[in-house]
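Undergrad: One structure follows; several queries about it will come next.
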Amino acid sequence: MKTTIILRLLSVFLLAFFTVPNANAQILKKLKKKAEQTVERKLEQKTEKETEKAMDSVLNPNEKTPSKENPSKESNDKSSTSDTTNPKNDPSKDINNPNVSDNLEVYSKFDFVPGDKLLFFDDFSQDFIGDFPSKWNTNGSGEVIKLNKAEGNWFEFKPGYKIQYLPLLNTQLPEEYTIEFDLVSDGLDNKTSSTAVLSITLDDNRTFNVGKSYSFVNIPFGQYSAFGIRVKSIHNNDVLINSILTADIRDEVKNKPHISIAVNKRRFRLWINEVKYVDIPQFIPEGNVLQGLKFNLQNFKDGKERLFIQNMKIAEGGLDLRRTLMTDGRVSTNGILFDSGSANIQPRSLGIIMQISQVLKQDENMKLNIVGHTDADGSDEANLKLSKDRAQAVKNALVDIYKISASRLQTDGKGEAVPVGDNSTAAGKAQNRRVEFIKM
């Protein structure tokens, strides 16, 4: 209706100017351009609203997204406790806060694509509570624990001077790879130090020593003010980059954030939930000299402020699935994630689905078969149904969010019948939970 009114007003102006001298031609031109821009803005706003509603229905089919301005009293009053070997501590009151990742309008722009060749995965499911995890090394201490409001096992980092945590990789880091993990914090308040950070370092060695070449990013956890994300890069002891990027992530670090990192040769990008905070084109020293990944927790108050990690995944690749699909006619990815035992797509998976939609828009004759696969947990029948439901959910996202014609998409599910990894290990299960896109 508003668009129609604007066009009618434009027509009135045009008729009026036919009766005035040619000196008004420039004014007429400007008015026409302004009216066209207004119409375009209105159409864009309408499209954005429709896209947001479509994403809401796909990602949260059975629930409404809570408002940031008006969170429910119930969600604010909830607290959590943990089952740990140290009963005096009480992990995060904010673990399942419904405000986590509820900013739907950014989902369609989230461009992180995880690597497709798994190098390391650990959800700590095969470790005993209270033990140090078997796939990690440290020069300090740490333990696997359970939280009563977050599923599965979690690994607790301990703060300390130069204490480091190293995932035990079987190979050095390649030129193109991605890193992903989930965090839960506890005990943060307005007294938390401005220097309380999680440091993530890519180093030229895989020992506890500091190398001659390394790059690190510090994620801040201080609460009494907004503290930026520090980034620093050293090559042969020469400082290449040393800066602090403005970012207010106080709410994010308290609400179970998902961290995504992409390294593409020298380029380094970091997302917290679905928002990109770091994108530096030449952050990694030249020559692929950084071999190891290290974590260090700094200036957390022992016994009060705590940090837990889960779902640590390192995978080679992650640059562009579009070319693979176009050249090979098929692509398989374990980067499309779903809620446990469900076909609800997790929002951070939309970077992959967006790339698939771009291929389909470029080649309007292409048709795809979407095939879901599961691990071996559960019955054959349940897994077969789940795999089909997940393939259908991906199709729905392509149709509803990215406006791909449903007639170009077919779905199927194989359940646990076609494994590509060992279902007796966490890493193998992660490989088996995948979605294939096959050109028909």
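Identifiers in the structure tokens: chain A, B, ... in order shown; residue index from 1 per chain; ligand index from 1 in order shown.
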With a cut-off of 12 Å, could you pull out the residues of range 266-369 of chain A touching range 416-420 of chain A and give me the nearest pair of atoms for each, distance in Å to one decimal, using only C-alpha atoms, ordered by chain and ascending number, as a Markdown table?
TA:
```
| residue | atom | partner | partner_atom | distance |
| --- | --- | --- | --- | --- |
| A:Ser332 | CA | A:Val420 | CA | 10.8 |
| A:Thr333 | CA | A:Val420 | CA | 11.5 |
| A:Asn334 | CA | A:Val420 | CA | 11.0 |
```
Undergrad: List the neighbours of range 126-134 of chain A out to 10 Å using only C-alpha atoms; skip same-chain residues closer than 3 positions along the sequence, and give me the result as a PyMOL selection string.
TA: chain A and resi 83-86+122-123+137-138+141-146+153-156+167-168+424-426
Undergrad: Give me a file of those residues, with C-alpha atoms, as a short mmCIF file (atom, residue, chain, number, x, y, z; two decimals), in the first residue's frame.
TA:
```cif
data_model
loop_
_atom_site.label_atom_id
_atom_site.label_comp_id
_atom_site.auth_asym_id
_atom_site.auth_seq_id
_atom_site.Cartn_x
_atom_site.Cartn_y
_atom_site.Cartn_z
CA ASP A 83 28.04 -32.40 39.47
CA THR A 84 31.79 -31.97 39.87
CA THR A 85 34.56 -33.25 42.06
CA ASN A 86 34.53 -29.85 43.83
CA ASP A 122 36.47 -34.24 21.30
CA ASP A 123 33.19 -33.98 23.19
CA ASN A 137 47.94 -32.21 27.21
CA THR A 138 48.74 -29.52 29.79
CA SER A 141 45.66 -29.13 35.64
CA GLY A 142 42.05 -29.60 34.57
CA GLU A 143 39.22 -32.10 34.70
CA VAL A 144 36.14 -33.40 32.93
CA ILE A 145 32.90 -32.50 34.70
CA LYS A 146 29.13 -32.56 34.20
CA ASN A 153 30.71 -33.89 29.55
CA TRP A 154 32.66 -30.63 29.73
CA PHE A 155 36.36 -29.95 30.22
CA GLU A 156 37.24 -27.28 32.78
CA PRO A 167 44.66 -30.71 21.85
CA LEU A 168 46.78 -33.67 20.76
CA SER A 424 32.68 -46.55 18.48
CA THR A 425 34.54 -43.22 18.72
CA ALA A 426 33.30 -39.64 19.16
#
```
Undergrad: Write down as number ranges by chain the residues of range 247-438 of chain A whose backbone DSSP state falls under strand (DSSP E).
TA: A: 258-264, 267-272, 275-280, 292-298, 306-316, 330-333, 368-373, 409-413, 434-438
Undergrad: Would you output that residue set with C-alpha atoms, as a JSON list (two decimals), in the first residue's frame?
TA:
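Saved to selection.json:
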```
[["chain", "number", "residue", "atom", "x", "y", "z"],
["A", 258, "HIS", "CA", 29.85, -21.00, 20.09],
["A", 259, "ILE", "CA", 33.26, -19.95, 18.76],
["A", 260, "SER", "CA", 34.10, -20.44, 15.07],
["A", 261, "ILE", "CA", 37.54, -19.74, 13.59],
["A", 262, "ALA", "CA", 38.56, -19.99, 9.93],
["A", 263, "VAL", "CA", 42.18, -19.89, 8.76],
["A", 264, "ASN", "CA", 42.62, -19.61, 4.99],
["A", 267, "ARG", "CA", 43.60, -14.82, 6.52],
["A", 268, "PHE", "CA", 42.12, -15.24, 10.02],
["A", 269, "ARG", "CA", 38.43, -14.86, 10.89],
["A", 270, "LEU", "CA", 36.62, -15.36, 14.19],
["A", 271, "TRP", "CA", 32.90, -15.51, 14.92],
["A", 272, "ILE", "CA", 31.16, -15.56, 18.30],
["A", 275, "VAL", "CA", 28.59, -12.53, 14.48],
["A", 276, "LYS", "CA", 32.02, -12.04, 12.88],
["A", 277, "TYR", "CA", 34.33, -9.99, 15.12],
["A", 278, "VAL", "CA", 37.75, -10.58, 13.53],
["A", 279, "ASP", "CA", 38.67, -10.65, 9.84],
["A", 280, "ILE", "CA", 42.37, -9.94, 9.22],
["A", 292, "GLY", "CA", 50.07, -26.01, 16.96],
["A", 293, "LEU", "CA", 46.95, -24.80, 18.78],
["A", 294, "LYS", "CA", 47.12, -23.71, 22.44],
["A", 295, "PHE", "CA", 44.61, -22.39, 25.00],
["A", 296, "ASN", "CA", 45.44, -20.33, 28.08],
["A", 297, "LEU", "CA", 43.04, -18.99, 30.72],
["A", 298, "GLN", "CA", 44.27, -15.76, 32.28],
["A", 306, "ARG", "CA", 35.23, -20.83, 35.87],
["A", 307, "LEU", "CA", 35.33, -21.79, 32.19],
["A", 308, "PHE", "CA", 34.32, -25.04, 30.48],
["A", 309, "ILE", "CA", 34.78, -26.20, 26.87],
["A", 310, "GLN", "CA", 33.00, -28.85, 24.78],
["A", 311, "ASN", "CA", 32.63, -30.04, 21.17],
["A", 312, "MET", "CA", 36.16, -29.14, 20.14],
["A", 313, "LYS", "CA", 36.48, -29.67, 16.38],
["A", 314, "ILE", "CA", 39.37, -28.98, 13.99],
["A", 315, "ALA", "CA", 38.84, -29.72, 10.30],
["A", 316, "GLU", "CA", 40.85, -29.15, 7.15],
["A", 330, "ARG", "CA", 28.33, -33.78, -5.10],
["A", 331, "VAL", "CA", 29.49, -32.62, -1.71],
["A", 332, "SER", "CA", 29.28, -34.17, 1.75],
["A", 333, "THR", "CA", 29.47, -32.14, 4.94],
["A", 368, "LEU", "CA", 19.82, -31.76, -6.04],
["A", 369, "ASN", "CA", 19.17, -34.85, -3.98],
["A", 370, "ILE", "CA", 19.68, -34.09, -0.28],
["A", 371, "VAL", "CA", 20.64, -37.21, 1.69],
["A", 372, "GLY", "CA", 20.82, -37.36, 5.49],
["A", 373, "HIS", "CA", 23.02, -39.74, 7.51],
["A", 409, "LEU", "CA", 15.08, -30.56, -4.52],
["A", 410, "GLN", "CA", 14.63, -34.19, -3.58],
["A", 411, "THR", "CA", 15.33, -35.73, -0.16],
["A", 412, "ASP", "CA", 16.37, -39.12, 1.16],
["A", 413, "GLY", "CA", 17.81, -40.63, 4.32],
["A", 434, "ARG", "CA", 26.44, -35.68, 7.75],
["A", 435, "VAL", "CA", 24.38, -34.35, 4.87],
["A", 436, "GLU", "CA", 25.14, -35.03, 1.19],
["A", 437, "PHE", "CA", 24.13, -32.86, -1.75],
["A", 438, "ILE", "CA", 24.13, -34.86, -5.00]]
```
Undergrad: Measuring between only C-alpha atoms, which one of A:Ser349, A:Pro174, A:Thr324, A:Asp363 shows the shortest distance to Arg266 in chain A?
TA: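 The closest residue to Arg266 in chain A is A:Pro174.
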Undergrad: Find, counting only C-alpha atoms, the residue in A:Glu305, A:Leu360, A:Met440, A:Leu166 that gets nearest to Asn205 in chain A.
TA: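 Smallest separation from Asn205 in chain A among the options: A:Leu166.
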